[in-house]
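Next up, run23.cif (mmCIF, C-alpha atoms):
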```cif
data_target
#
loop_
_atom_site.label_atom_id
_atom_site.label_comp_id
_atom_site.auth_asym_id
_atom_site.auth_seq_id
_atom_site.Cartn_x
_atom_site.Cartn_y
_atom_site.Cartn_z
CA MET A 1 -2.12 -33.38 22.08
CA ASP A 2 1.32 -34.93 21.54
CA LEU A 3 1.40 -38.05 23.67
CA THR A 4 5.09 -38.67 22.97
CA ARG A 5 6.11 -36.14 25.61
CA GLY A 6 4.84 -34.10 28.52
CA PRO A 7 1.71 -34.70 30.61
CA GLY A 8 -0.16 -36.51 27.84
CA ARG A 9 2.53 -39.16 27.54
CA ARG A 10 2.79 -39.53 31.33
CA ARG A 11 -0.95 -40.06 31.67
CA TRP A 12 -1.06 -42.63 28.86
CA THR A 13 2.05 -44.45 30.11
CA ALA A 14 0.61 -44.49 33.62
CA ARG A 15 -2.42 -46.34 32.29
CA LEU A 16 -0.11 -49.02 30.93
CA LEU A 17 1.47 -49.45 34.36
CA LEU A 18 -1.71 -49.59 36.45
CA TRP A 19 -3.33 -52.99 36.53
CA PRO A 20 -6.38 -54.42 38.23
CA ALA A 21 -5.42 -56.63 41.15
CA ALA A 22 -6.61 -59.79 39.42
CA VAL A 23 -4.35 -59.24 36.43
CA ALA A 24 -1.41 -58.20 38.61
CA GLY A 25 -1.74 -61.41 40.58
CA ALA A 26 -1.60 -63.36 37.37
CA SER A 27 1.93 -62.13 36.63
CA CYS A 28 3.29 -64.53 39.24
CA ALA A 29 1.13 -67.48 38.21
CA ALA A 30 2.12 -70.11 35.69
CA PRO A 31 0.57 -69.37 32.27
CA LEU A 32 -2.33 -71.59 31.22
CA ALA A 33 -2.56 -73.29 27.85
CA ILE A 34 -6.32 -73.87 28.23
CA PRO A 35 -8.06 -71.25 30.41
CA PRO A 36 -11.59 -71.62 31.76
CA ALA A 37 -14.30 -70.90 29.20
CA ALA A 38 -15.59 -67.96 31.25
CA VAL A 39 -12.16 -66.31 31.12
CA VAL A 40 -11.96 -66.72 27.35
CA GLU A 41 -15.42 -65.23 26.89
CA GLN A 42 -14.69 -62.26 29.13
CA ALA A 43 -11.43 -61.54 27.29
CA ARG A 44 -13.19 -61.72 23.93
CA LEU A 45 -15.62 -59.01 25.02
CA VAL A 46 -13.21 -56.45 26.51
CA PRO A 47 -14.02 -53.02 25.04
CA SER A 48 -10.52 -51.62 25.54
CA TYR A 49 -7.02 -52.90 26.26
CA SER A 50 -3.52 -51.67 26.98
CA ALA A 51 -0.24 -53.51 27.45
CA ARG A 52 3.49 -53.58 26.99
CA LEU A 53 4.74 -56.29 24.66
CA ASP A 54 8.03 -57.85 23.69
CA VAL A 55 7.51 -58.76 20.03
CA SER A 56 9.51 -60.95 17.67
CA LEU A 57 8.59 -61.04 13.99
CA ARG A 58 10.16 -63.34 11.40
CA GLY A 59 8.71 -62.85 7.96
CA PRO A 60 9.62 -63.26 4.30
CA ASP A 61 10.95 -59.70 4.06
CA LEU A 62 11.43 -58.61 7.67
CA ARG A 63 12.95 -59.89 10.90
CA ALA A 64 12.55 -57.68 13.94
CA HIS A 65 12.56 -57.81 17.73
CA THR A 66 11.18 -54.79 19.54
CA ARG A 67 9.34 -53.49 22.56
CA VAL A 68 5.83 -52.19 21.91
CA LEU A 69 3.28 -50.12 23.82
CA LEU A 70 -0.15 -50.95 22.49
CA ALA A 71 -3.69 -49.88 23.23
CA PHE A 72 -7.00 -50.39 21.52
CA ARG A 73 -10.62 -49.42 21.89
CA ARG A 74 -13.21 -51.43 20.03
CA PRO A 75 -14.45 -51.37 17.42
CA ASP A 76 -11.95 -49.41 15.36
CA ALA A 77 -9.23 -47.58 17.35
CA LEU A 78 -5.69 -48.97 17.68
CA ARG A 79 -2.48 -47.30 18.86
CA ILE A 80 1.01 -48.81 18.55
CA GLU A 81 4.09 -47.07 19.90
CA LEU A 82 7.69 -48.22 19.59
CA PRO A 83 9.69 -46.62 22.42
CA GLY A 84 13.26 -45.45 21.97
CA PRO A 85 15.97 -44.18 24.32
CA THR A 86 14.91 -40.53 23.97
CA GLY A 87 11.23 -40.85 23.06
CA ALA A 88 8.96 -42.71 20.68
CA ARG A 89 10.57 -44.03 17.49
CA LEU A 90 7.17 -44.67 15.94
CA ILE A 91 3.60 -43.76 16.83
CA ALA A 92 0.97 -45.46 14.68
CA VAL A 93 -2.76 -44.87 15.09
CA ALA A 94 -5.53 -46.62 13.18
CA ARG A 95 -8.99 -45.23 13.63
CA GLY A 96 -12.05 -45.80 11.54
CA GLU A 97 -10.78 -46.18 7.97
CA ARG A 98 -7.56 -44.20 8.43
CA LEU A 99 -4.01 -45.12 9.47
CA TRP A 100 -1.25 -42.70 10.41
CA ALA A 101 2.32 -43.39 11.49
CA VAL A 102 4.74 -40.68 12.57
CA PHE A 103 8.47 -40.87 13.20
CA PRO A 104 9.26 -37.91 15.46
CA ALA A 105 13.05 -38.10 15.23
CA GLU A 106 12.99 -38.22 11.41
CA ARG A 107 10.04 -35.82 11.12
CA ALA A 108 8.40 -38.26 8.72
CA VAL A 109 4.79 -39.39 8.35
CA TYR A 110 3.07 -42.31 6.63
CA SER A 111 -0.66 -42.32 5.95
CA GLY A 112 -2.83 -45.06 4.58
CA ALA A 113 -5.97 -47.09 5.13
CA ALA A 114 -6.73 -49.07 8.31
CA ARG A 115 -6.59 -52.44 6.59
CA ALA A 116 -4.40 -55.53 6.66
CA GLU A 117 -2.43 -54.58 3.55
CA ASP A 118 -1.35 -51.21 4.92
CA LEU A 119 -0.44 -52.55 8.37
CA GLY A 120 1.57 -55.24 6.58
CA SER A 121 3.39 -52.63 4.54
CA LEU A 122 4.11 -50.49 7.58
CA LEU A 123 4.76 -53.05 10.32
CA GLY A 124 5.15 -56.40 8.58
CA VAL A 125 1.98 -57.62 10.33
CA ALA A 126 -0.66 -58.13 7.65
CA LEU A 127 -3.69 -58.07 9.94
CA ALA A 128 -6.57 -55.63 10.10
CA PRO A 129 -6.85 -53.63 13.36
CA SER A 130 -9.80 -55.77 14.48
CA GLU A 131 -7.71 -58.91 13.90
CA VAL A 132 -4.89 -57.48 16.02
CA MET A 133 -7.39 -56.81 18.82
CA ASP A 134 -8.71 -60.36 18.62
CA LEU A 135 -5.24 -61.91 18.51
CA LEU A 136 -4.31 -60.16 21.77
CA THR A 137 -7.51 -61.26 23.51
CA GLY A 138 -7.38 -64.91 22.55
CA VAL A 139 -9.62 -64.95 19.47
CA PRO A 140 -7.58 -65.97 16.41
CA SER A 141 -8.60 -64.76 12.97
CA ALA A 142 -9.62 -67.48 10.56
CA ARG A 143 -6.91 -66.14 8.22
CA LEU A 144 -4.09 -67.10 10.59
CA ARG A 145 -2.17 -70.22 9.62
CA SER A 146 -1.66 -71.13 13.29
CA TYR A 147 -2.29 -69.62 16.72
CA ARG A 148 -1.31 -70.60 20.24
CA ALA A 149 -1.76 -68.62 23.43
CA ARG A 150 -0.79 -69.20 27.03
CA TRP A 151 -2.95 -67.32 29.48
CA GLY A 152 -2.70 -65.48 32.74
CA ALA A 153 -5.73 -65.09 34.98
CA ALA A 154 -7.60 -62.81 32.60
CA LEU A 155 -5.76 -62.31 29.29
CA PRO A 156 -3.18 -64.05 27.08
CA ARG A 157 0.41 -63.63 28.30
CA HIS A 158 2.27 -65.41 25.49
CA ILE A 159 1.15 -65.49 21.87
CA ASP A 160 2.66 -67.46 18.98
CA ALA A 161 0.96 -67.02 15.61
CA THR A 162 1.72 -67.66 11.97
CA LEU A 163 0.29 -64.81 9.90
CA PRO A 164 -1.47 -65.16 6.53
CA ASP A 165 1.77 -64.41 4.62
CA GLY A 166 3.75 -67.01 6.60
CA ALA A 167 5.41 -64.56 8.99
CA ARG A 168 5.76 -65.84 12.55
CA LEU A 169 4.75 -63.44 15.30
CA GLN A 170 5.64 -64.12 18.93
CA ALA A 171 4.65 -61.76 21.71
CA THR A 172 5.22 -61.78 25.45
CA VAL A 173 2.62 -59.56 27.08
CA GLU A 174 3.39 -57.52 30.18
CA ASP A 175 1.19 -55.25 32.27
CA ALA A 176 -1.93 -56.15 30.30
CA GLU A 177 -5.17 -54.62 31.46
CA ALA A 178 -8.67 -54.08 30.16
CA PRO A 179 -9.66 -50.65 31.49
CA ALA A 180 -13.24 -49.49 31.30
CA SER A 181 -12.21 -46.87 28.75
CA LEU A 182 -9.19 -45.12 27.29
CA GLY A 183 -9.02 -41.39 26.68
CA GLU A 184 -9.76 -39.86 23.32
CA PRO A 185 -6.25 -38.31 22.87
CA ALA A 186 -4.60 -41.75 22.67
CA PHE A 187 -6.42 -42.42 19.39
CA ALA A 188 -6.23 -38.97 17.81
CA GLU A 189 -4.29 -38.40 14.61
CA PRO A 190 -0.66 -37.92 15.74
CA PRO A 191 0.64 -34.37 15.15
CA HIS A 192 2.83 -34.19 12.08
CA ALA A 193 2.81 -30.60 10.80
CA GLY A 194 5.83 -30.06 8.57
CA TYR A 195 6.75 -33.76 8.44
CA ARG A 196 7.86 -35.24 5.12
CA PRO A 197 5.61 -37.97 3.65
CA VAL A 198 7.03 -41.47 3.19
CA ASP A 199 5.65 -44.62 1.60
CA GLY A 200 5.22 -47.99 3.28
CA ASP A 201 8.66 -49.37 2.42
CA GLN A 202 10.38 -46.18 3.59
CA ALA A 203 8.30 -46.14 6.79
CA ARG A 204 9.16 -49.74 7.64
CA SER A 205 12.87 -49.10 7.09
CA LEU A 206 12.75 -46.11 9.47
CA TRP A 207 11.71 -48.21 12.46
CA SER A 208 13.31 -51.54 11.52
CA GLY A 209 16.63 -50.27 10.21
CA ARG A 210 16.20 -52.41 7.06
#
```
Could I get this structure in the form of structure tokens?
Amino acid sequence: MDLTRGPGRRRWTARLLLWPAAVAGASCAAPLAIPPAAVVEQARLVPSYSARLDVSLRGPDLRAHTRVLLAFRRPDALRIELPGPTGARLIAVARGERLWAVFPAERAVYSGAARAEDLGSLLGVALAPSEVMDLLTGVPSARLRSYRARWGAALPRHIDATLPDGARLQATVEDAEAPASLGEPAFAEPPHAGYRPVDGDQARSLWSGR
């Protein structure tokens, strides 16, 4: 199912806009630098997650500022979508040991392994999918050079991290929720029949313009 358009996209986008009342109430509260221990532990254990993010990345080879739709399901499923004015600019899915990224407007596809090196090549964020999940739920990888989070009632709302390669990642999290589960189609290999293959550098230039 192509989640970049039609009913599949509407259902997945609707999940990103529907919050539990506790998290919705947190949007009006001042963010917390040090949340209660019980909140941190509950966030660490969430099996699935979805959110909209405003992301700034300043690295040795890439500077970017973009909106992101992100979802994950532990232990090994991650979806990252960069929205554009007429549809998704990029849909990247890591699942198990595989990573795919499609660029619908350019009819291009990148494929690789679901590991830090490949996510770094594609997105400029050299973290494994599990490390991305932990970063968003308040559990910094030991490989990070620095990590700070300010919390809402249930999950981090602002994240400032220095990645292993020295890149600085800042994210403002909106509409975060930890649903009981996310549907299988969100983490399926994105359709890309007839798309031209591209390497990591080409893929990164397609979404970043660099």
So which residues get picked by the PyMOL selection byres ((chain A and resi 120) around 12) here, written as a PyMOL selection string?
chain A and resi 57+59-62+99+112-119+121-129+132+163-167+200-201+203-204
Within 12 Å of A:Tyr147, counting all atoms listed in the file, which residues show up once you throw out same-chain ones fewer than 3 positions away? Write them as a short mmCIF file (atom, residue, chain, number, x, y, z; two decimals) with C-alpha atoms, in the coordinates of the input, please.
```
data_model
loop_
_atom_site.label_atom_id
_atom_site.label_comp_id
_atom_site.auth_asym_id
_atom_site.auth_seq_id
_atom_site.Cartn_x
_atom_site.Cartn_y
_atom_site.Cartn_z
CA ALA A 33 -2.56 -73.29 27.85
CA ASP A 134 -8.71 -60.36 18.62
CA LEU A 135 -5.24 -61.91 18.51
CA LEU A 136 -4.31 -60.16 21.77
CA THR A 137 -7.51 -61.26 23.51
CA GLY A 138 -7.38 -64.91 22.55
CA VAL A 139 -9.62 -64.95 19.47
CA PRO A 140 -7.58 -65.97 16.41
CA SER A 141 -8.60 -64.76 12.97
CA ALA A 142 -9.62 -67.48 10.56
CA ARG A 143 -6.91 -66.14 8.22
CA LEU A 144 -4.09 -67.10 10.59
CA ARG A 150 -0.79 -69.20 27.03
CA PRO A 156 -3.18 -64.05 27.08
CA HIS A 158 2.27 -65.41 25.49
CA ILE A 159 1.15 -65.49 21.87
CA ASP A 160 2.66 -67.46 18.98
CA ALA A 161 0.96 -67.02 15.61
CA THR A 162 1.72 -67.66 11.97
CA LEU A 163 0.29 -64.81 9.90
CA PRO A 164 -1.47 -65.16 6.53
CA ARG A 168 5.76 -65.84 12.55
CA LEU A 169 4.75 -63.44 15.30
CA GLN A 170 5.64 -64.12 18.93
CA ALA A 171 4.65 -61.76 21.71
#
```
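From atom CA of A:Gly209 back to atom CA of A:Ala101, the distance works out to 15.9 Å.
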Find the nearest atom pair between each residue of stretch 69-179 of chain A and stretch 195-199 of chain A for residues within 8 Å, count all atoms listed in the file, give distances in Å to one decimal, sort rows by chain and ascending number, and present the table as a Markdown table.
```
| residue | atom | partner | partner_atom | distance |
| --- | --- | --- | --- | --- |
| A:Arg107 | CA | A:Tyr195 | CA | 4.7 |
| A:Ala108 | CA | A:Arg196 | CA | 4.7 |
| A:Val109 | CA | A:Pro197 | CA | 5.0 |
| A:Tyr110 | CA | A:Val198 | CA | 5.3 |
| A:Ser111 | CA | A:Pro197 | CA | 8.0 |
```
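Between atom CA of A:Ala94 and atom CA of A:Leu53 the separation is 18.2 Å.
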Stretch 90-99 of chain A: axis-aligned bounding box, 8 Å on each side, centre and edge lengths in Å, one decimal, as lines of an AutoDock Vina configuration file:
```
center_x = -2.4
center_y = -45.2
center_z = 12.4
size_x = 35.2
size_y = 18.9
size_z = 24.9
```
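Picked out by the PyMOL selection byres ((chain A and resi 172-189) around 6) when it runs on this file: Trp19, Ser48, Tyr49, Ser50, Ala51, Arg52, Leu53, Asp54, Arg157, His158, Ala171 and Pro190 of chain A.
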Extract stretch 136-157 of chain A from the preceding block and save N, CA, C and O atoms as a PDB file, in the first residue's frame.
```
ATOM      1  N   LEU A 136      14.573   9.600  20.963  1.00  0.00           N
ATOM      2  CA  LEU A 136      13.264  10.255  21.005  1.00  0.00           C
ATOM      3  C   LEU A 136      12.499   9.977  22.284  1.00  0.00           C
ATOM      4  O   LEU A 136      11.570  10.714  22.630  1.00  0.00           O
ATOM      5  N   THR A 137      12.880   8.920  22.997  1.00  0.00           N
ATOM      6  CA  THR A 137      12.167   8.561  24.224  1.00  0.00           C
ATOM      7  C   THR A 137      13.013   8.793  25.477  1.00  0.00           C
ATOM      8  O   THR A 137      12.734   8.243  26.538  1.00  0.00           O
ATOM      9  N   GLY A 138      14.055   9.615  25.329  1.00  0.00           N
ATOM     10  CA  GLY A 138      14.797  10.059  26.499  1.00  0.00           C
ATOM     11  C   GLY A 138      15.899   9.153  26.980  1.00  0.00           C
ATOM     12  O   GLY A 138      16.356   9.284  28.120  1.00  0.00           O
ATOM     13  N   VAL A 139      16.356   8.239  26.121  1.00  0.00           N
ATOM     14  CA  VAL A 139      17.422   7.306  26.508  1.00  0.00           C
ATOM     15  C   VAL A 139      18.595   7.505  25.551  1.00  0.00           C
ATOM     16  O   VAL A 139      18.619   6.932  24.463  1.00  0.00           O
ATOM     17  N   PRO A 140      19.574   8.321  25.904  1.00  0.00           N
ATOM     18  CA  PRO A 140      20.665   8.610  24.966  1.00  0.00           C
ATOM     19  C   PRO A 140      21.609   7.437  24.778  1.00  0.00           C
ATOM     20  O   PRO A 140      21.965   6.746  25.734  1.00  0.00           O
ATOM     21  N   SER A 141      22.014   7.218  23.530  1.00  0.00           N
ATOM     22  CA  SER A 141      23.037   6.216  23.244  1.00  0.00           C
ATOM     23  C   SER A 141      24.353   6.623  23.888  1.00  0.00           C
ATOM     24  O   SER A 141      24.691   7.815  23.971  1.00  0.00           O
ATOM     25  N   ALA A 142      25.114   5.626  24.300  1.00  0.00           N
ATOM     26  CA  ALA A 142      26.435   5.905  24.868  1.00  0.00           C
ATOM     27  C   ALA A 142      27.379   6.504  23.828  1.00  0.00           C
ATOM     28  O   ALA A 142      28.399   7.102  24.180  1.00  0.00           O
ATOM     29  N   ARG A 143      27.045   6.378  22.539  1.00  0.00           N
ATOM     30  CA  ARG A 143      27.910   6.910  21.483  1.00  0.00           C
ATOM     31  C   ARG A 143      27.702   8.408  21.270  1.00  0.00           C
ATOM     32  O   ARG A 143      28.505   9.042  20.581  1.00  0.00           O
ATOM     33  N   LEU A 144      26.619   8.971  21.790  1.00  0.00           N
ATOM     34  CA  LEU A 144      26.402  10.400  21.630  1.00  0.00           C
ATOM     35  C   LEU A 144      27.448  11.192  22.407  1.00  0.00           C
ATOM     36  O   LEU A 144      27.829  10.822  23.518  1.00  0.00           O
ATOM     37  N   ARG A 145      27.869  12.309  21.840  1.00  0.00           N
ATOM     38  CA  ARG A 145      28.831  13.164  22.535  1.00  0.00           C
ATOM     39  C   ARG A 145      28.127  14.003  23.604  1.00  0.00           C
ATOM     40  O   ARG A 145      28.745  14.341  24.624  1.00  0.00           O
ATOM     41  N   SER A 146      26.879  14.349  23.376  1.00  0.00           N
ATOM     42  CA  SER A 146      26.095  15.055  24.387  1.00  0.00           C
ATOM     43  C   SER A 146      24.623  14.834  24.091  1.00  0.00           C
ATOM     44  O   SER A 146      24.241  14.511  22.965  1.00  0.00           O
ATOM     45  N   TYR A 147      23.794  15.009  25.122  1.00  0.00           N
ATOM     46  CA  TYR A 147      22.348  14.817  24.966  1.00  0.00           C
ATOM     47  C   TYR A 147      21.625  15.605  26.047  1.00  0.00           C
ATOM     48  O   TYR A 147      21.968  15.511  27.236  1.00  0.00           O
ATOM     49  N   ARG A 148      20.655  16.395  25.629  1.00  0.00           N
ATOM     50  CA  ARG A 148      19.785  17.100  26.560  1.00  0.00           C
ATOM     51  C   ARG A 148      18.353  16.995  26.053  1.00  0.00           C
ATOM     52  O   ARG A 148      18.114  17.090  24.844  1.00  0.00           O
ATOM     53  N   ALA A 149      17.439  16.799  26.965  1.00  0.00           N
ATOM     54  CA  ALA A 149      16.024  16.732  26.597  1.00  0.00           C
ATOM     55  C   ALA A 149      15.208  17.533  27.594  1.00  0.00           C
ATOM     56  O   ALA A 149      15.505  17.542  28.791  1.00  0.00           O
ATOM     57  N   ARG A 150      14.191  18.215  27.080  1.00  0.00           N
ATOM     58  CA  ARG A 150      13.191  18.851  27.931  1.00  0.00           C
ATOM     59  C   ARG A 150      11.879  18.133  27.658  1.00  0.00           C
ATOM     60  O   ARG A 150      11.521  17.870  26.518  1.00  0.00           O
ATOM     61  N   TRP A 151      11.180  17.803  28.727  1.00  0.00           N
ATOM     62  CA  TRP A 151      10.070  16.868  28.662  1.00  0.00           C
ATOM     63  C   TRP A 151       8.715  17.554  28.773  1.00  0.00           C
ATOM     64  O   TRP A 151       8.566  18.583  29.438  1.00  0.00           O
ATOM     65  N   GLY A 152       7.727  16.909  28.152  1.00  0.00           N
ATOM     66  CA  GLY A 152       6.339  17.178  28.445  1.00  0.00           C
ATOM     67  C   GLY A 152       5.897  16.233  29.549  1.00  0.00           C
ATOM     68  O   GLY A 152       6.714  15.720  30.319  1.00  0.00           O
ATOM     69  N   ALA A 153       4.606  15.949  29.602  1.00  0.00           N
ATOM     70  CA  ALA A 153       4.094  15.089  30.663  1.00  0.00           C
ATOM     71  C   ALA A 153       4.515  13.635  30.498  1.00  0.00           C
ATOM     72  O   ALA A 153       4.634  12.905  31.473  1.00  0.00           O
ATOM     73  N   ALA A 154       4.746  13.206  29.245  1.00  0.00           N
ATOM     74  CA  ALA A 154       4.996  11.791  29.032  1.00  0.00           C
ATOM     75  C   ALA A 154       6.213  11.482  28.177  1.00  0.00           C
ATOM     76  O   ALA A 154       6.774  10.396  28.279  1.00  0.00           O
ATOM     77  N   LEU A 155       6.625  12.423  27.312  1.00  0.00           N
ATOM     78  CA  LEU A 155       7.704  12.164  26.365  1.00  0.00           C
ATOM     79  C   LEU A 155       8.521  13.438  26.171  1.00  0.00           C
ATOM     80  O   LEU A 155       8.032  14.537  26.422  1.00  0.00           O
ATOM     81  N   PRO A 156       9.771  13.305  25.690  1.00  0.00           N
ATOM     82  CA  PRO A 156      10.559  14.505  25.403  1.00  0.00           C
ATOM     83  C   PRO A 156       9.891  15.392  24.356  1.00  0.00           C
ATOM     84  O   PRO A 156       9.325  14.900  23.371  1.00  0.00           O
ATOM     85  N   ARG A 157       9.975  16.709  24.581  1.00  0.00           N
ATOM     86  CA  ARG A 157       9.414  17.686  23.640  1.00  0.00           C
ATOM     87  C   ARG A 157      10.485  18.455  22.895  1.00  0.00           C
ATOM     88  O   ARG A 157      10.240  18.936  21.794  1.00  0.00           O
TER      89      ARG A 157
END
```
